[in-house]
Structures are given as structure tokens and as C-alpha cells.
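Worksheet: one structure, shown below.
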Amino acid sequence: MTREFFLYLSQQQRLRRWMETHPAAHKLTRRFVAGETLEEVLAVCARLQGEGIFTALDYLGENVRSLEEAAGSVEVYLAALDQIAARGLPATVSIKATQFGLDLSEEACLDNVRRLARRAQETGSRVEIDMESSRYTDRTLGIAARVGSEYGDIRCVIQAYLHRSQADLERLNECGISVRLCKGAYDEPSRVAFPSKDEVDRNYVQLMKQLLDRGTYPAIATHDERMIEEAVRYTREEGIGAERFEFQMLYGIRRELQRSLIARGYRLRLYVPYGTAWYPYFMRRLAERPANVIFLARNLFR
């Protein structure tokens with residue numbers, strides 16, 4: 001390994017230690033991550049409930065290395081569902097298939113998701129299945145279709161930047177499976193995904209209209225104000241009531257826009273992450289907002 005590599009690791013370790021201990025960094029991380037414990041995220045969800053906002057709890061972590069670790073993730077989510085029900089929160093849980101063992105055993109992953117879907121059905125909540133990189137798409141959709149046919153109320157993500165998403169969305173609509181439509185965030189080759197933002201945006205609008213017309217309580221997941229206003233315009237023109245769909249956003253992102261949607265009478269669900277594996281998630285959010293990078297740089301060496 002090169003000296004530059006060790007220097008990079010040292011800088012990353014120093015940055016993480018600072019973020020874990022410095023009050024200013026703690027304030028910034030808590031803007032995007034609700035906390036490390038279930039109790040902390042439930043308190044955030046209760047506060048958001050008071051503002052008329054629904055939530056989807058995401059216990060951070062993916063690509064587990066053992067089936068025992070995957071089973072541990074299931075237990076964390078089962079406890080979350082029990083507490084959601086006990087506190088009467090309008091909340092769901094959002095999972096990644098690799099967090100439930102997809103890299104290790106598709107059958108074990110399926111059984112793990114079944115356990116969670118069964119509990120969600122019993123407690124009146126829902127499992128929302130995130131979509132990861134394109135190498136997981138077929139298997140994730142297969143799990144969503146099987147579990148959805150057995151337990152009903154499942155929602156699965158479709159990524160608008162993938163060429164295949166039109167066909168995938170039609171399949172889920174036919175199965176009566178709810179879809180969360182997002183643009184997509186993984187680095188994919190042009191043979192798999194649209195290379196330009198304009199192409200992704202056009203496909204997003206096309207898929208969004210298809211979902212609003214024929215989907216089962218779809219979630220329009222975006223922070224793009226143009227996409228939101230297009231959804232508002234289209235549903236008004238087509239007479240699609242606000243109770244037939246919801247918007248979704250990330251906790252801590254575009255908070256003024258969130259409040260505006262609630263004030264206009266639309267349903268909004270925030271994806272609320274928590275857990276000890278917060279650092280990679282936070283760094284992705286940091287990279288999306290230059291002002292946060294400047295803040296971090298100014299305080300790092302103080």
C-alpha cells in the first residue's frame with residue numbers, strides 16, 4: 001500500500017473522530033441522521049408526526065458479511081415495528097436487501113424479509129424495499145413480488161435512470177405492489193442507465209404519470225421542485241386526489257419545501273435514518289450540499 005493511501009485513511013479517521021466528538025459536527029450530522037438508537041429515531045418520528053409528516057425508518061447498514069449479521073438486522077427492524085405500533089406512529093420501515101443477506105443467500109434474504117413483512121402486516125405498518133445498484137435489481141424485484149403476493153402491503157423502489165424501469169414498473173403495477181419512484185444514485189454505465197440528467201428527468205416524469213394513473217398508492221420521491229410541481233399539475237388536471245399518493249423526501253433535506261407541501265394539503269413521508277453506521281450515509285448527504293462542506297472545513301481544525 002502506498003504512503004498516499006495511508007495518509008488518506010489517516011485523514012478519514014481524523015475526520016470521523018472529529019465528527020463524533022465536536023459539538024458543531026454533531027449538530028450537522030443530526031440534521032440528516034436522527035440518532036444512533038431506536039429511542040432517538042422514535043422521538044424524531046413523534047415530532048414529525050406533530051407536524052403532519054409520515055416517516056419511514058431506515059436502520060443504516062448494507063452488504064452484511066454473515067447471515068448472523070443479517071438476522072440481527074431483522075431483529076432491529078422487528079423491534080422498530082413493535083414500537084411504531086405501540087406509539088401509534090404513522091411510520092413504515094425501509095430496508096435494503098443486502099442488509100438482509102442477499103449477497104450470501106437469496107433464500108435466507110427472502111425468509112428474513114418475510115418475517116418483517118409478517119410483523120408489519122400484524123402491526124398495521126409496511127415494509128419499503130430500497131433499490132441498490134443494478135446488479136441487485138432482478139433479485140430485489142423478485143423478493144418484492146413474492147413477499148407482496150404473500151403479505152400484501154409492500155412498497156418497492158424503481159429508479160428512473162435505469163433503461164429497464166418502464167418494464168419493471170408495469171410488472172409491479174400488475175402485481176398491485178406500491179412503488180416509490182426515485183431518480184437513482186448509483187454509478188451505472190450508459191448501457192444500463194440514461195447518461196444525461198435531461199433524459200433521467202424525462203423518464204421520471206413519464207414513469208410518474210404512469211404510476212399516478214395506474215399505480216397502487218405510489219410514492220413520488222424527489223427533492224426536485226420541478227418534478228413536484230409537475231406531479232401537482234398532473235394530478236389536478238386528471239382529478240387524482242391527494243389521498244391516492246404521497247411525496248417522499250430525505251430527513252433534513254429541503255425543509256422549507258417539505259413544510260410547503262404539508263401546508264398545501266399533500267401527504268409527505270420522510271426517510272429517517274438512524275444507527276451507528278451513519279458515517280457513509282452522512283458523507284453522501286454532505287457531498288450533495290456544498291455549503292455543508294464549507295462549514296465542515298472551517299470547523300475541522302479549530
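Starting from 1 in every chain, residues are counted up; chains themselves are A, B, ... following the order of the C-alpha cells, and ligands are numbered from 1 as listed.
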
Need to verify the contact set: stretch 226-236 of chain A, 9 Å, only C-alpha atoms, exclusion of same-chain residues closer than 2 positions in sequence. Can you return it as a list of chain:residue names? A:Asp201, A:Tyr204, A:Val205, A:Met208, A:Lys209, A:Leu212, A:Asp213, A:Ile220, A:Ala221, A:Thr222, A:His223, A:Asp224, A:Glu238, A:Gly239, A:Ile240, A:Gly241, A:Ala242, A:Phe247

Near A:Gly72, within 12 Å and counting only C-alpha atoms, which residues show up once chain neighbours fewer than 6 positions away are dropped, as a list in words? Tyr59, Gly61, Val64, Arg65, Ser66, Leu78, Ala79, Gln99, Phe100, Gly101 and Asn112 of chain A

Can you check which residues of stretch 52-295 of chain A DSSP gives as alpha helix (DSSP H) on the backbone and send them as a ChimeraX atom specification? /A:67-87,106-123,137-151,165-175,197-214,225-238,255-263,278-287,290-295

When you look at stretch 156-167 of chain A with a cut-off of 7 Å (counting only C-alpha atoms), what residues show up, excluding the ones that are within fewer than 6 positions of it in the same chain? I need them as a list in words.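 Non-adjacent residues within range: Glu128, Ile129, Asp130, Met131, Ala144, Ser178, Val179, Arg180, Leu181, Cys182, Lys183, Gly184, Val192, Ala193, Phe194, Val200, Asn203, Tyr204 and Leu207 of chain A.
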
Strand (DSSP E or B) positions in stretch 190-285 of chain A, given as a count of residues only: 16

Using only C-alpha atoms, the shortest atom-to-atom distance to A:Leu261 among A:Leu89, A:Glu51, A:Ala43, A:Lys197 belongs to A:Glu51

Distance criterion (only C-alpha atoms): nearest to A:Glu39 out of A:Leu67, A:Ala80, A:Leu141, A:Ile177: A:Ala80

I'd like the interatomic distance between atom CA of A:Gly265 and atom CA of A:Gln121, to a tenth of an Å. 27.4 Å

Can you pull out the residues contacting A:Glu132? Cut-off 9 Å, using only C-alpha atoms, and skip same-chain residues under 2 positions away; I want them as a ChimeraX atom specification. /A:96-98,130,134-137,140,184-186

Between A:Arg269, A:Ile262, A:Tyr251, A:Thr55, which has the minimum distance to A:Ala34 (counting only C-alpha atoms)?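 Among A:Arg269, A:Ile262, A:Tyr251, A:Thr55, it is A:Tyr251 that comes nearest to A:Ala34.
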
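For A:Ala56, the residues within 10 Å (counting only C-alpha atoms, excluding itself and residues fewer than 4 positions away along the chain) are Cys45, Pro90, Ala91, Thr92, Val93, Ser94, Ile95, Ser125, Arg126, Val127, Glu128, Gln248, Met249, Leu250, Tyr251, Arg269, Leu270, Tyr271, Val272 and Pro273 of chain A.
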